[in-house]
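Engineer: This is coords_13.cif (mmCIF, C-alpha atoms and all ligand atoms).
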```
data_upload
#
loop_
_atom_site.label_atom_id
_atom_site.label_comp_id
_atom_site.auth_asym_id
_atom_site.auth_seq_id
_atom_site.Cartn_x
_atom_site.Cartn_y
_atom_site.Cartn_z
CA MET A 1 149.11 273.19 143.48
CA ASN A 2 147.99 269.88 144.93
CA ASP A 3 149.39 270.33 148.45
CA LEU A 4 148.11 268.29 151.36
CA ILE A 5 149.09 267.05 154.80
CA VAL A 6 147.69 263.77 156.09
CA ARG A 7 147.85 263.31 159.86
CA ASN A 8 148.11 260.19 161.99
CA ALA A 9 148.05 257.34 159.47
CA SER A 10 148.95 253.70 160.02
CA LEU A 11 150.95 252.13 157.21
CA ALA A 12 150.82 248.57 155.87
CA ASP A 13 154.38 247.91 157.09
CA GLY A 14 153.32 248.51 160.71
CA ARG A 15 154.46 252.11 161.17
CA ARG A 16 151.93 254.15 163.14
CA HIS A 17 151.25 257.85 163.79
CA ILE A 18 152.71 258.79 160.43
CA ASP A 19 152.08 262.09 158.65
CA ILE A 20 152.40 262.38 154.87
CA LEU A 21 153.32 265.72 153.35
CA VAL A 22 152.36 266.32 149.72
CA ARG A 23 153.55 269.18 147.52
CA ASP A 24 152.60 269.57 143.86
CA GLY A 25 151.06 266.12 143.78
CA LYS A 26 154.15 264.32 145.07
CA ILE A 27 155.04 262.93 148.48
CA VAL A 28 157.87 264.94 150.05
CA ALA A 29 157.89 263.48 153.58
CA THR A 30 156.54 260.36 155.34
CA GLU A 31 157.32 260.60 159.05
CA PRO A 32 155.76 261.31 162.46
CA ALA A 33 154.63 264.81 163.49
CA ILE A 34 155.55 266.91 160.46
CA ALA A 35 155.61 270.57 161.47
CA VAL A 36 153.71 272.45 158.77
CA THR A 37 150.67 274.70 158.96
CA GLY A 38 148.35 276.48 156.59
CA MET A 39 147.83 273.50 154.27
CA PRO A 40 144.74 271.43 153.45
CA GLU A 41 144.70 268.68 156.05
CA LEU A 42 143.21 265.16 156.24
CA ASP A 43 142.95 263.37 159.57
CA ALA A 44 143.46 259.62 159.09
CA GLY A 45 142.60 259.07 162.74
CA GLY A 46 145.01 256.16 163.03
CA ASP A 47 143.47 254.32 160.08
CA LEU A 48 145.39 252.39 157.43
CA LEU A 49 146.80 254.47 154.59
CA CYS A 50 148.13 252.40 151.70
CA SER A 51 149.17 252.84 148.10
CA PRO A 52 146.28 252.38 145.66
CA PHE A 53 145.04 248.93 144.76
CA VAL A 54 146.29 247.61 141.42
CA ASP A 55 144.50 245.02 139.28
CA ALA A 56 147.06 243.21 137.14
CA HIS A 57 144.55 241.16 135.16
CA PHE A 58 141.22 242.37 133.85
CA HIS A 59 138.95 242.34 130.78
CA MET A 60 137.50 245.81 130.41
CA ASP A 61 136.05 245.13 126.96
CA ALA A 62 133.62 242.62 128.48
CA VAL A 63 132.95 244.30 131.83
CA LEU A 64 129.31 244.92 132.87
CA SER A 65 127.99 243.05 129.82
CA TYR A 66 126.35 240.40 131.99
CA GLY A 67 123.19 239.01 130.39
CA GLN A 68 124.00 240.29 126.88
CA PRO A 69 122.76 238.69 124.71
CA ARG A 70 121.94 235.98 127.26
CA VAL A 71 123.13 234.59 130.57
CA ASN A 72 125.84 231.89 130.79
CA GLN A 73 123.70 228.90 131.81
CA SER A 74 126.43 226.41 132.67
CA GLY A 75 128.74 229.02 134.17
CA THR A 76 131.70 227.39 132.44
CA LEU A 77 134.72 228.94 130.74
CA LEU A 78 133.85 227.41 127.37
CA GLU A 79 130.23 228.64 127.38
CA GLY A 80 131.59 232.05 128.40
CA ILE A 81 133.90 232.07 125.36
CA ALA A 82 130.98 231.03 123.11
CA LEU A 83 128.79 233.74 124.64
CA TRP A 84 131.45 236.41 124.07
CA GLY A 85 131.51 235.26 120.42
CA GLU A 86 127.74 235.82 120.22
CA LEU A 87 128.03 239.28 121.76
CA LYS A 88 130.97 240.52 119.66
CA PRO A 89 129.04 241.26 116.42
CA HIS A 90 126.63 243.47 118.42
CA LEU A 91 129.27 245.55 120.18
CA THR A 92 129.38 249.26 119.50
CA GLN A 93 132.22 251.54 120.39
CA GLN A 94 129.96 253.78 122.45
CA ALA A 95 128.61 250.88 124.50
CA LEU A 96 132.17 249.64 125.13
CA VAL A 97 133.29 253.09 126.26
CA ASP A 98 130.23 253.63 128.47
CA ARG A 99 130.58 250.30 130.25
CA ALA A 100 134.32 250.76 130.78
CA LEU A 101 133.89 254.29 132.15
CA GLN A 102 131.17 253.13 134.52
CA TYR A 103 133.51 250.42 135.81
CA CYS A 104 136.37 252.92 136.21
CA ASP A 105 134.08 254.99 138.47
CA TRP A 106 133.48 251.90 140.60
CA ALA A 107 137.22 251.22 140.65
CA VAL A 108 138.10 254.73 141.83
CA ALA A 109 135.53 254.52 144.63
CA LYS A 110 137.24 251.30 145.75
CA GLY A 111 140.71 252.86 145.64
CA LEU A 112 141.68 250.84 142.55
CA LEU A 113 143.76 253.29 140.50
CA ALA A 114 145.71 251.07 138.10
CA ILE A 115 144.37 248.29 135.90
CA ARG A 116 146.00 246.07 133.27
CA SER A 117 143.21 245.08 130.89
CA HIS A 118 143.44 242.53 128.13
CA VAL A 119 141.57 243.60 125.00
CA ASP A 120 140.36 241.11 122.42
CA ILE A 121 141.98 241.82 119.03
CA CYS A 122 140.30 239.03 117.04
CA ASP A 123 137.51 241.29 115.74
CA PRO A 124 138.99 242.75 112.52
CA ARG A 125 137.19 246.04 113.20
CA LEU A 126 139.32 246.39 116.38
CA LEU A 127 136.36 248.20 117.93
CA ALA A 128 137.33 247.23 121.45
CA VAL A 129 140.89 248.42 120.90
CA GLU A 130 139.69 251.81 119.68
CA ALA A 131 137.21 252.07 122.54
CA LEU A 132 139.69 251.20 125.27
CA LEU A 133 142.38 253.49 123.84
CA GLU A 134 139.78 256.26 124.13
CA VAL A 135 138.95 255.17 127.69
CA ARG A 136 142.66 255.06 128.60
CA LYS A 137 142.95 258.68 127.49
CA GLN A 138 139.80 259.82 129.32
CA VAL A 139 140.66 258.17 132.65
CA ALA A 140 144.37 259.03 132.61
CA PRO A 141 144.02 261.90 135.12
CA TYR A 142 142.73 259.50 137.76
CA LEU A 143 143.46 255.89 136.72
CA ASP A 144 146.37 254.18 134.96
CA LEU A 145 144.94 251.83 132.34
CA GLN A 146 147.44 249.51 130.68
CA LEU A 147 146.21 247.52 127.67
CA VAL A 148 147.25 244.05 126.48
CA ALA A 149 146.67 242.93 122.88
CA PHE A 150 144.87 239.65 123.52
CA PRO A 151 144.27 237.16 120.66
CA GLN A 152 141.37 235.62 122.56
CA ASP A 153 140.45 233.09 119.84
CA GLY A 154 144.07 231.98 119.42
CA LEU A 155 146.93 233.71 117.60
CA LEU A 156 147.31 230.86 115.05
CA ARG A 157 143.79 229.43 115.39
CA SER A 158 141.97 232.63 114.46
CA ALA A 159 142.32 234.09 110.97
CA ASP A 160 143.97 237.52 110.95
CA ALA A 161 144.76 237.46 114.68
CA TRP A 162 148.49 237.89 114.05
CA THR A 163 147.88 240.85 111.73
CA ASN A 164 145.32 242.35 114.09
CA LEU A 165 147.65 242.04 117.04
CA GLN A 166 150.36 243.94 115.19
CA ARG A 167 147.83 246.60 114.20
CA ALA A 168 146.69 246.94 117.81
CA ILE A 169 150.27 247.44 119.02
CA ALA A 170 150.82 250.03 116.28
CA MET A 171 147.69 251.84 117.48
CA GLY A 172 149.19 252.19 120.97
CA VAL A 173 148.29 249.06 122.93
CA ASP A 174 150.98 248.59 125.57
CA VAL A 175 151.58 244.88 126.15
CA VAL A 176 151.70 241.70 124.01
CA GLY A 177 149.22 238.99 125.03
CA GLY A 178 148.61 235.38 124.05
CA ILE A 179 146.63 232.24 124.84
CA PRO A 180 148.83 229.24 123.97
CA HIS A 181 146.61 226.58 125.60
CA PHE A 182 143.74 227.61 123.29
CA GLU A 183 145.70 227.04 120.07
CA ARG A 184 144.87 223.85 118.12
CA THR A 185 147.86 221.82 119.27
CA MET A 186 150.59 221.92 121.89
CA GLN A 187 153.02 222.68 119.04
CA ASP A 188 150.94 225.65 117.85
CA GLY A 189 150.78 226.87 121.45
CA ALA A 190 154.58 226.76 121.69
CA GLU A 191 154.94 228.44 118.29
CA SER A 192 152.57 231.25 119.33
CA ILE A 193 154.73 231.89 122.41
CA ARG A 194 157.89 232.07 120.29
CA LEU A 195 156.32 234.47 117.78
CA LEU A 196 154.83 236.74 120.45
CA CYS A 197 157.94 236.86 122.65
CA GLU A 198 160.21 237.64 119.71
CA PHE A 199 157.79 240.33 118.52
CA ALA A 200 157.76 241.90 122.01
CA ALA A 201 161.51 241.60 122.50
CA GLU A 202 162.22 243.41 119.22
CA ARG A 203 160.05 246.31 120.34
CA GLY A 204 161.02 246.41 124.04
CA LEU A 205 157.45 245.55 125.07
CA MET A 206 156.16 243.55 128.01
CA VAL A 207 154.40 240.19 127.58
CA ASP A 208 151.43 238.92 129.58
CA MET A 209 149.83 235.71 128.34
CA HIS A 210 146.80 233.80 129.45
CA CYS A 211 148.79 230.66 130.07
CA ASP A 212 147.58 227.17 130.93
CA GLU A 213 144.10 228.24 132.07
CA SER A 214 143.18 224.58 132.22
CA ASP A 215 142.94 221.66 134.65
CA ASP A 216 145.07 219.56 132.29
CA PRO A 217 148.34 218.87 134.13
CA MET A 218 150.05 218.37 130.75
CA SER A 219 149.34 221.97 129.76
CA ARG A 220 152.92 223.13 130.28
CA HIS A 221 153.17 226.30 128.19
CA ILE A 222 154.57 228.19 131.17
CA GLU A 223 157.78 226.20 130.68
CA THR A 224 158.01 227.46 127.08
CA LEU A 225 157.19 231.02 128.16
CA ALA A 226 159.97 230.93 130.75
CA TYR A 227 162.35 229.45 128.15
CA HIS A 228 161.78 232.29 125.66
CA ALA A 229 161.88 234.97 128.39
CA GLN A 230 165.29 233.62 129.39
CA ARG A 231 166.54 233.18 125.82
CA LEU A 232 165.52 236.69 124.75
CA GLY A 233 166.75 238.45 127.90
CA MET A 234 163.26 239.58 128.88
CA GLN A 235 163.68 239.08 132.63
CA GLY A 236 161.20 241.22 134.58
CA ARG A 237 159.02 241.89 131.52
CA VAL A 238 157.12 238.60 131.09
CA THR A 239 154.06 237.41 133.01
CA GLY A 240 152.07 234.19 132.98
CA SER A 241 148.41 234.78 133.86
CA HIS A 242 146.20 232.12 135.44
CA LEU A 243 148.66 229.16 135.33
CA THR A 244 145.86 227.01 136.74
CA SER A 245 147.18 223.74 135.26
CA MET A 246 150.04 224.06 137.75
CA HIS A 247 147.53 223.18 140.47
CA SER A 248 147.19 219.72 138.93
CA MET A 249 150.76 219.17 137.74
CA ASP A 250 153.08 216.47 138.97
CA ASN A 251 154.92 217.75 142.05
CA TYR A 252 158.34 216.63 140.85
CA TYR A 253 157.85 218.49 137.56
CA VAL A 254 156.85 221.67 139.44
CA SER A 255 159.99 221.42 141.56
CA LYS A 256 161.93 221.93 138.33
CA LEU A 257 159.52 224.42 136.75
CA LEU A 258 159.41 227.06 139.49
CA PRO A 259 163.19 227.63 139.59
CA LEU A 260 163.08 228.02 135.79
CA MET A 261 160.43 230.74 136.17
CA LYS A 262 162.53 232.41 138.84
CA GLU A 263 165.65 232.29 136.67
CA ALA A 264 163.73 233.72 133.70
CA GLY A 265 162.30 236.57 135.82
CA VAL A 266 158.73 235.55 134.91
CA ALA A 267 155.92 236.86 137.13
CA ALA A 268 152.62 235.12 137.83
CA ILE A 269 149.06 236.35 138.16
CA ALA A 270 146.39 234.24 139.81
CA ASN A 271 142.73 235.20 139.52
CA PRO A 272 141.21 233.63 142.63
CA LEU A 273 137.54 234.53 142.10
CA ILE A 274 137.52 233.19 138.57
CA ASN A 275 139.85 230.24 139.11
CA ILE A 276 137.77 228.88 141.99
CA THR A 277 134.55 229.16 139.98
CA LEU A 278 135.75 228.02 136.52
CA GLN A 279 138.36 225.34 137.26
CA GLY A 280 137.60 221.81 138.37
CA ARG A 281 134.32 221.84 136.42
CA HIS A 282 134.95 218.40 134.94
CA ASP A 283 135.67 216.93 138.36
CA HIS A 284 133.22 214.92 140.40
CA TYR A 285 134.47 214.67 144.00
CA PRO A 286 136.99 215.60 145.23
CA LYS A 287 136.92 218.82 143.16
CA ARG A 288 140.19 220.62 142.51
CA ARG A 289 140.50 224.28 143.49
CA GLY A 290 142.40 225.07 140.31
CA MET A 291 144.30 228.11 141.54
CA THR A 292 148.01 228.16 140.77
CA ARG A 293 150.66 227.51 143.45
CA VAL A 294 150.82 230.98 145.00
CA PRO A 295 152.66 230.41 148.32
CA GLU A 296 155.24 228.17 146.66
CA MET A 297 156.04 230.79 144.01
CA LEU A 298 156.21 233.58 146.59
CA ALA A 299 158.59 231.49 148.71
CA LEU A 300 160.96 231.32 145.73
CA GLY A 301 160.78 235.07 145.15
CA ILE A 302 158.60 234.92 142.03
CA PRO A 303 156.38 238.03 141.94
CA VAL A 304 152.72 237.01 142.26
CA ALA A 305 149.69 239.26 141.92
CA PHE A 306 145.99 238.54 142.32
CA GLY A 307 143.78 239.84 139.49
CA HIS A 308 140.03 240.42 139.36
CA ASP A 309 139.82 239.13 135.76
CA CYS A 310 136.06 239.60 135.34
CA VAL A 311 133.19 241.67 136.71
CA MET A 312 129.66 240.96 135.47
CA ASP A 313 130.57 239.51 132.09
CA PRO A 314 130.03 236.24 130.16
CA TRP A 315 132.34 234.38 132.56
CA TYR A 316 131.41 235.83 135.95
CA SER A 317 128.19 237.41 137.16
CA MET A 318 129.62 238.81 140.40
CA GLY A 319 132.16 241.44 141.41
CA ALA A 320 132.31 245.14 142.16
CA GLY A 321 135.91 246.20 141.54
CA ASP A 322 136.98 245.47 145.09
CA MET A 323 140.56 244.14 145.15
CA LEU A 324 140.15 243.29 148.83
CA GLU A 325 137.47 240.79 147.84
CA VAL A 326 139.93 239.34 145.32
CA ALA A 327 142.70 239.14 147.93
CA SER A 328 140.34 237.63 150.49
CA MET A 329 139.38 234.87 148.06
CA GLY A 330 143.07 234.24 147.28
CA LEU A 331 143.78 234.00 150.99
CA HIS A 332 141.05 231.40 151.47
CA VAL A 333 141.73 229.30 148.36
CA ALA A 334 145.50 229.13 149.01
CA GLN A 335 144.98 228.74 152.79
CA MET A 336 147.31 231.71 153.33
CA THR A 337 146.19 232.32 156.90
CA SER A 338 149.47 232.92 158.75
CA GLN A 339 150.13 236.55 159.68
CA ALA A 340 152.93 236.76 157.11
CA ALA A 341 150.82 235.11 154.39
CA MET A 342 147.89 237.47 154.97
CA HIS A 343 150.25 240.39 154.48
CA GLN A 344 151.45 238.70 151.27
CA CYS A 345 147.82 238.58 150.08
CA PHE A 346 147.53 242.32 150.67
CA ASP A 347 150.79 242.86 148.74
CA ALA A 348 149.34 240.74 145.89
CA VAL A 349 146.78 243.49 145.16
CA THR A 350 149.09 246.47 145.83
CA ARG A 351 152.89 246.32 145.59
CA ASN A 352 153.31 243.16 143.51
CA PRO A 353 151.00 244.14 140.65
CA ALA A 354 152.50 247.64 140.67
CA GLN A 355 155.89 245.99 140.07
CA ILE A 356 154.49 243.69 137.37
CA LEU A 357 152.88 246.62 135.52
CA GLY A 358 156.07 248.67 135.90
CA LEU A 359 154.21 251.59 137.50
CA GLN A 360 156.46 254.60 138.02
CA GLY A 361 156.40 256.52 141.31
CA TYR A 362 154.25 253.95 143.12
CA GLY A 363 154.70 253.92 146.89
CA LEU A 364 154.58 256.13 149.97
CA GLU A 365 158.18 257.28 150.22
CA PRO A 366 159.39 260.81 149.39
CA GLY A 367 159.51 261.27 145.61
CA CYS A 368 156.56 258.98 144.91
CA GLN A 369 153.32 260.17 143.36
CA ALA A 370 150.84 261.29 146.04
CA ASP A 371 148.42 258.46 145.28
CA PHE A 372 146.95 256.62 148.26
CA VAL A 373 143.88 255.29 149.97
CA ILE A 374 142.69 255.66 153.58
CA LEU A 375 140.58 252.70 154.66
CA ASP A 376 138.16 252.23 157.54
CA ALA A 377 140.52 249.64 159.04
CA ARG A 378 143.61 249.65 161.21
CA ASP A 379 145.93 247.33 159.28
CA PRO A 380 146.04 245.07 156.18
CA ILE A 381 144.66 242.04 158.02
CA GLU A 382 141.65 243.98 159.31
CA ALA A 383 141.21 245.36 155.78
CA LEU A 384 141.13 241.82 154.35
CA ARG A 385 138.62 240.74 156.99
CA LEU A 386 136.24 243.70 156.64
CA ARG A 387 136.76 244.83 153.04
CA PRO A 388 135.88 248.25 154.46
CA VAL A 389 134.92 251.49 152.75
CA ARG A 390 137.69 253.58 151.29
CA ARG A 391 137.29 256.75 153.38
CA TYR A 392 139.49 258.80 151.08
CA VAL A 393 141.01 258.05 147.70
CA VAL A 394 143.78 260.48 146.77
CA ARG A 395 145.37 260.89 143.34
CA ARG A 396 148.30 263.28 142.84
CA GLY A 397 147.48 264.92 146.17
CA ARG A 398 143.81 265.54 145.40
CA VAL A 399 140.89 263.74 147.06
CA ILE A 400 138.96 262.11 144.20
CA SER A 401 136.57 259.94 146.21
CA GLN A 402 135.17 259.91 149.75
CA THR A 403 132.95 257.39 151.49
CA ALA A 404 131.55 257.73 154.99
CA ALA A 405 132.24 254.83 157.32
CA PRO A 406 129.04 252.85 157.91
CA ILE A 407 127.92 252.47 161.51
CA ALA A 408 124.86 250.39 162.34
CA GLN A 409 122.61 251.69 165.11
CA LEU A 410 121.21 248.77 167.07
CA SER A 411 118.26 248.94 169.39
CA LEU A 412 118.11 245.75 171.48
CA ASP A 413 115.98 245.50 174.58
CA GLY A 414 115.94 249.28 174.76
CA ARG A 415 119.76 249.41 174.77
CA PRO A 416 120.86 251.63 171.86
CA GLN A 417 124.36 250.84 170.63
CA SER A 418 126.44 251.29 167.52
CA VAL A 419 128.28 248.55 165.64
CA ASN A 420 131.11 248.91 163.13
CA PHE A 421 132.70 245.41 163.19
CA ARG A 422 136.09 246.77 164.30
CA LEU A 423 137.80 245.57 167.47
CA GLY A 424 138.87 248.13 170.02
ZN ZN B 1 141.72 236.77 131.70
#
```
Could I get this structure in the form of structure tokens?
Ligand SMILES: [Zn+2]
Structural biologist:
Amino acid sequence: MNDLIVRNASLADGRRHIDILVRDGKIVATEPAIAVTGMPELDAGGDLLCSPFVDAHFHMDAVLSYGQPRVNQSGTLLEGIALWGELKPHLTQQALVDRALQYCDWAVAKGLLAIRSHVDICDPRLLAVEALLEVRKQVAPYLDLQLVAFPQDGLLRSADAWTNLQRAIAMGVDVVGGIPHFERTMQDGAESIRLLCEFAAERGLMVDMHCDESDDPMSRHIETLAYHAQRLGMQGRVTGSHLTSMHSMDNYYVSKLLPLMKEAGVAAIANPLINITLQGRHDHYPKRRGMTRVPEMLALGIPVAFGHDCVMDPWYSMGAGDMLEVASMGLHVAQMTSQAAMHQCFDAVTRNPAQILGLQGYGLEPGCQADFVILDARDPIEALRLRPVRRYVVRRGRVISQTAAPIAQLSLDGRPQSVNFRLG
């Protein structure tokens, strides 16, 4: 009986003084001044209430492994891949499960209740697959974990990757992954896309490939991905992750490419924290930013999400599971500073990834799951600026995390005052 009434919330779309009535874990009304009594009540106090954050691109098999067996000295993508190769033989299922569960606790505290994680299938033991399937089961009551079979060392480049990927899907992994730019040749990259898309299409599965994570403007696998999505009728089920080469591509070519992606119903995921740190590493000055063309894709109606990608792993030593930090970085890197663009950045870590993952019952309207977050902020733009605490995180009508709003007590020249960084 997860019943609840939330009073006086502000919503991301600008509605204010809204109550949300929850019965049996589902939202039954979202409107001002709902007349009910005798129910558990939460006072939002005019603060922003939004649907949970969603991370459309993550690597939970590597999370919190920073420093094992050593630190990435150069900080580059390629040393990170080499480092992951050194760590893999030492992985145990228990360590994988423990690290993932610890991260899921962090995620819940930050209001992040759905994650799509790639899982490396190149280890013939499929330890990480087994571990994350176990984690998916354990966290299911409070977090939706969607898994992607990811042939990290290349589908055709790595022995047994194709067999392992099929085994992983048979074991219950949800989505078909790929990494065409890491295959030996452009032709092998294109062939891997064809094989993987046909495999997914036959089984009605979604596809999400690491695609063109490179500064090479001639890395054009996204064109091939869009081609097969279109050919196989997979509109709405195919995603290109990273797409960083698009940053460096010829502008005329991109003017043809983006409409092809739109026509094929292909979504895009940028990973701003990782793209800004890993791309442009071979550049002297000026250094490229390396993030894909987010505002241009959004303007065409291509769904774009921002992913976290990494937290404290061989590729990235930072991060805490805060999708507002991810969105803030995306906002800065893409110079999305208009009012409308800042709202788009907020959508890129909430609504858009929910659509890309195909989450059922996501939203705040009657009939949706009673999953939401109340932040110590008034609106999405203030949330992006402050990355504030999540006062309440609610799943299926039940409060699963609470954080008190921090208030600094200043004492200046004998004038005590409190500071919370909010205006008004
Ligand atoms: Zn990734």
Engineer: Check the smallest atom-to-atom distance from each of A:Gly265, A:Gly204, A:Pro295, A:Pro353 to Gly307 in chain A using all atoms listed in the file, then report the winner.
Structural biologist: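 Nearest to Gly307 in chain A: A:Pro353.
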Engineer: Can you tell me which residues surround Gly14 in chain A at a distance of at most 10 Å, considering all atoms listed in the file, apart from same-chain residues fewer than 2 positions away, and format the answer as a list of chain:residue names?
Structural biologist: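 Here the answer would be A:Ser10, A:Leu11, A:Ala12, A:Arg16, A:Leu48, A:Arg378, A:Asp379, A:Pro380.
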Engineer: Restricting the calculation to only C-alpha atoms and all ligand atoms, which member of A:Trp106, A:Trp162, A:Phe199, A:Phe58 is positioned closest to ligand ZN 1 (chain B)?
Structural biologist: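 Using only C-alpha atoms and all ligand atoms, the shortest distance to ligand ZN 1 (chain B) belongs to A:Phe58.
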Engineer: Rank nothing, just name the residue among A:Ala109, A:Ile18, A:Leu364, A:Val63 nearest to ligand ZN 1 (chain B), using all atoms listed in the file.
Structural biologist: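 Checking each of A:Ala109, A:Ile18, A:Leu364, A:Val63 against ligand ZN 1 (chain B), counting all atoms listed in the file, the winner is A:Val63.
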Engineer: Could the residues that lie within 10 Å of ligand ZN 1 (chain B), counting all atoms listed in the file, be listed as a PyMOL selection string?
Structural biologist: chain A and resi 56-59+117-119+150+152+179+209-211+213+241-242+269-271+274+307-310+315
Engineer: With only C-alpha atoms as the counted atoms, please give the residues lying no more than 10 Å from range 401-411 of chain A, apart from itself and same-chain residues fewer than 2 positions off, as a PDB file with C-alpha atoms, keeping the file's coordinate frame.
Structural biologist:
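What ended up in selection.pdb:
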```
ATOM      1  CA  ASP A 105     134.080 254.990 138.470  1.00  0.00           C
ATOM      2  CA  VAL A 108     138.100 254.730 141.830  1.00  0.00           C
ATOM      3  CA  ALA A 109     135.530 254.520 144.630  1.00  0.00           C
ATOM      4  CA  LYS A 110     137.240 251.300 145.750  1.00  0.00           C
ATOM      5  CA  GLY A 111     140.710 252.860 145.640  1.00  0.00           C
ATOM      6  CA  VAL A 373     143.880 255.290 149.970  1.00  0.00           C
ATOM      7  CA  ILE A 374     142.690 255.660 153.580  1.00  0.00           C
ATOM      8  CA  LEU A 375     140.580 252.700 154.660  1.00  0.00           C
ATOM      9  CA  ASP A 376     138.160 252.230 157.540  1.00  0.00           C
ATOM     10  CA  ALA A 377     140.520 249.640 159.040  1.00  0.00           C
ATOM     11  CA  PRO A 388     135.880 248.250 154.460  1.00  0.00           C
ATOM     12  CA  VAL A 389     134.920 251.490 152.750  1.00  0.00           C
ATOM     13  CA  ARG A 390     137.690 253.580 151.290  1.00  0.00           C
ATOM     14  CA  ARG A 391     137.290 256.750 153.380  1.00  0.00           C
ATOM     15  CA  TYR A 392     139.490 258.800 151.080  1.00  0.00           C
ATOM     16  CA  VAL A 393     141.010 258.050 147.700  1.00  0.00           C
ATOM     17  CA  VAL A 394     143.780 260.480 146.770  1.00  0.00           C
ATOM     18  CA  ARG A 395     145.370 260.890 143.340  1.00  0.00           C
ATOM     19  CA  ARG A 398     143.810 265.540 145.400  1.00  0.00           C
ATOM     20  CA  VAL A 399     140.890 263.740 147.060  1.00  0.00           C
ATOM     21  CA  ASP A 413     115.980 245.500 174.580  1.00  0.00           C
ATOM     22  CA  GLY A 414     115.940 249.280 174.760  1.00  0.00           C
ATOM     23  CA  ARG A 415     119.760 249.410 174.770  1.00  0.00           C
ATOM     24  CA  PRO A 416     120.860 251.630 171.860  1.00  0.00           C
ATOM     25  CA  GLN A 417     124.360 250.840 170.630  1.00  0.00           C
ATOM     26  CA  SER A 418     126.440 251.290 167.520  1.00  0.00           C
ATOM     27  CA  VAL A 419     128.280 248.550 165.640  1.00  0.00           C
ATOM     28  CA  ASN A 420     131.110 248.910 163.130  1.00  0.00           C
ATOM     29  CA  PHE A 421     132.700 245.410 163.190  1.00  0.00           C
TER      30      PHE A 421
END
```
Engineer: Leaving out Ala267 in chain A and any residue of its chain fewer than 6 positions from it, which residues lie within 6 Å of it when counting all atoms listed in the file, given as a PyMOL selection string?
Structural biologist: chain A and resi 239+302-303
Engineer: Just how far from CA of Ser248 in chain A is CA of Ala190 in chain A, in Å to one decimal?
Structural biologist: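 CA of Ala190 in chain A sits 20.0 Å away from CA of Ser248 in chain A.
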Engineer: Can you check which parts of range 100-191 of chain A lie within 12 Å of range 65-76 of chain A? Per residue, the shortest pair of atoms and distance in Å to one decimal, counting all atoms listed in the file, sorted by chain and number, as a tab-separated table.
Structural biologist:
```
residue	atom	partner	partner_atom	distance
A:Ala100	CA	A:Ser65	CA	10.0
A:Gln102	CA	A:Ser65	CA	11.6
A:Tyr103	CA	A:Ser65	CA	11.0
```
Engineer: Those same residues, written as a JSON list (two decimals), keeping the file's coordinate frame with C-alpha atoms?
Structural biologist:
```
[["chain", "number", "residue", "atom", "x", "y", "z"],
["A", 100, "ALA", "CA", 134.32, 250.76, 130.78],
["A", 102, "GLN", "CA", 131.17, 253.13, 134.52],
["A", 103, "TYR", "CA", 133.51, 250.42, 135.81]]
```
Engineer: If we count all atoms listed in the file and set the cut-off at 12 Å, which residues sit around Met218 in chain A, ignoring sequence neighbours fewer than 6 positions away in its own chain? Please answer as JSON, numbers by chain.
Structural biologist: {"A": [181, 186, 212, 243, 244, 245, 246, 247, 248, 249, 250, 253, 254]}
Engineer: Using all atoms listed in the file, determine which residues lie at most 9 Å from Leu232 in chain A, disregarding the query and same-chain residues fewer than 6 positions distant; provide the list as a PyMOL selection string.
Structural biologist: chain A and resi 197-198+201
Engineer: Let me make sure I understand: among A:His332, A:Glu191, A:Ala170, A:Pro141, which one has the smallest atom-to-atom distance to Arg157 in chain A if we use only C-alpha atoms?
Structural biologist: A:Glu191
Engineer: Report as AutoDock Vina command-line options the centre and the edge lengths, in Å to one decimal, of the axis-aligned box holding every listed atom of range 366-371 of chain A, padded by 5 Å on each side.
Structural biologist:
```
--center_x 154.0 --center_y 259.9 --center_z 146.4 --size_x 21.1 --size_y 12.8 --size_z 16.0
```
Engineer: Can you find the residues with an atom no farther than 12 Å from (160.9, 244.4, 124.5), counting only C-alpha atoms, and report them as a JSON list (two decimals) with C-alpha atoms, in the coordinates of the input?
Structural biologist:
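Listed below is the output, result-v4.json:
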```
[["chain", "number", "residue", "atom", "x", "y", "z"],
["A", 174, "ASP", "CA", 150.98, 248.59, 125.57],
["A", 175, "VAL", "CA", 151.58, 244.88, 126.15],
["A", 176, "VAL", "CA", 151.70, 241.70, 124.01],
["A", 196, "LEU", "CA", 154.83, 236.74, 120.45],
["A", 197, "CYS", "CA", 157.94, 236.86, 122.65],
["A", 198, "GLU", "CA", 160.21, 237.64, 119.71],
["A", 199, "PHE", "CA", 157.79, 240.33, 118.52],
["A", 200, "ALA", "CA", 157.76, 241.90, 122.01],
["A", 201, "ALA", "CA", 161.51, 241.60, 122.50],
["A", 202, "GLU", "CA", 162.22, 243.41, 119.22],
["A", 203, "ARG", "CA", 160.05, 246.31, 120.34],
["A", 204, "GLY", "CA", 161.02, 246.41, 124.04],
["A", 205, "LEU", "CA", 157.45, 245.55, 125.07],
["A", 206, "MET", "CA", 156.16, 243.55, 128.01],
["A", 207, "VAL", "CA", 154.40, 240.19, 127.58],
["A", 229, "ALA", "CA", 161.88, 234.97, 128.39],
["A", 232, "LEU", "CA", 165.52, 236.69, 124.75],
["A", 233, "GLY", "CA", 166.75, 238.45, 127.90],
["A", 234, "MET", "CA", 163.26, 239.58, 128.88],
["A", 235, "GLN", "CA", 163.68, 239.08, 132.63],
["A", 236, "GLY", "CA", 161.20, 241.22, 134.58],
["A", 237, "ARG", "CA", 159.02, 241.89, 131.52],
["A", 238, "VAL", "CA", 157.12, 238.60, 131.09]]
```
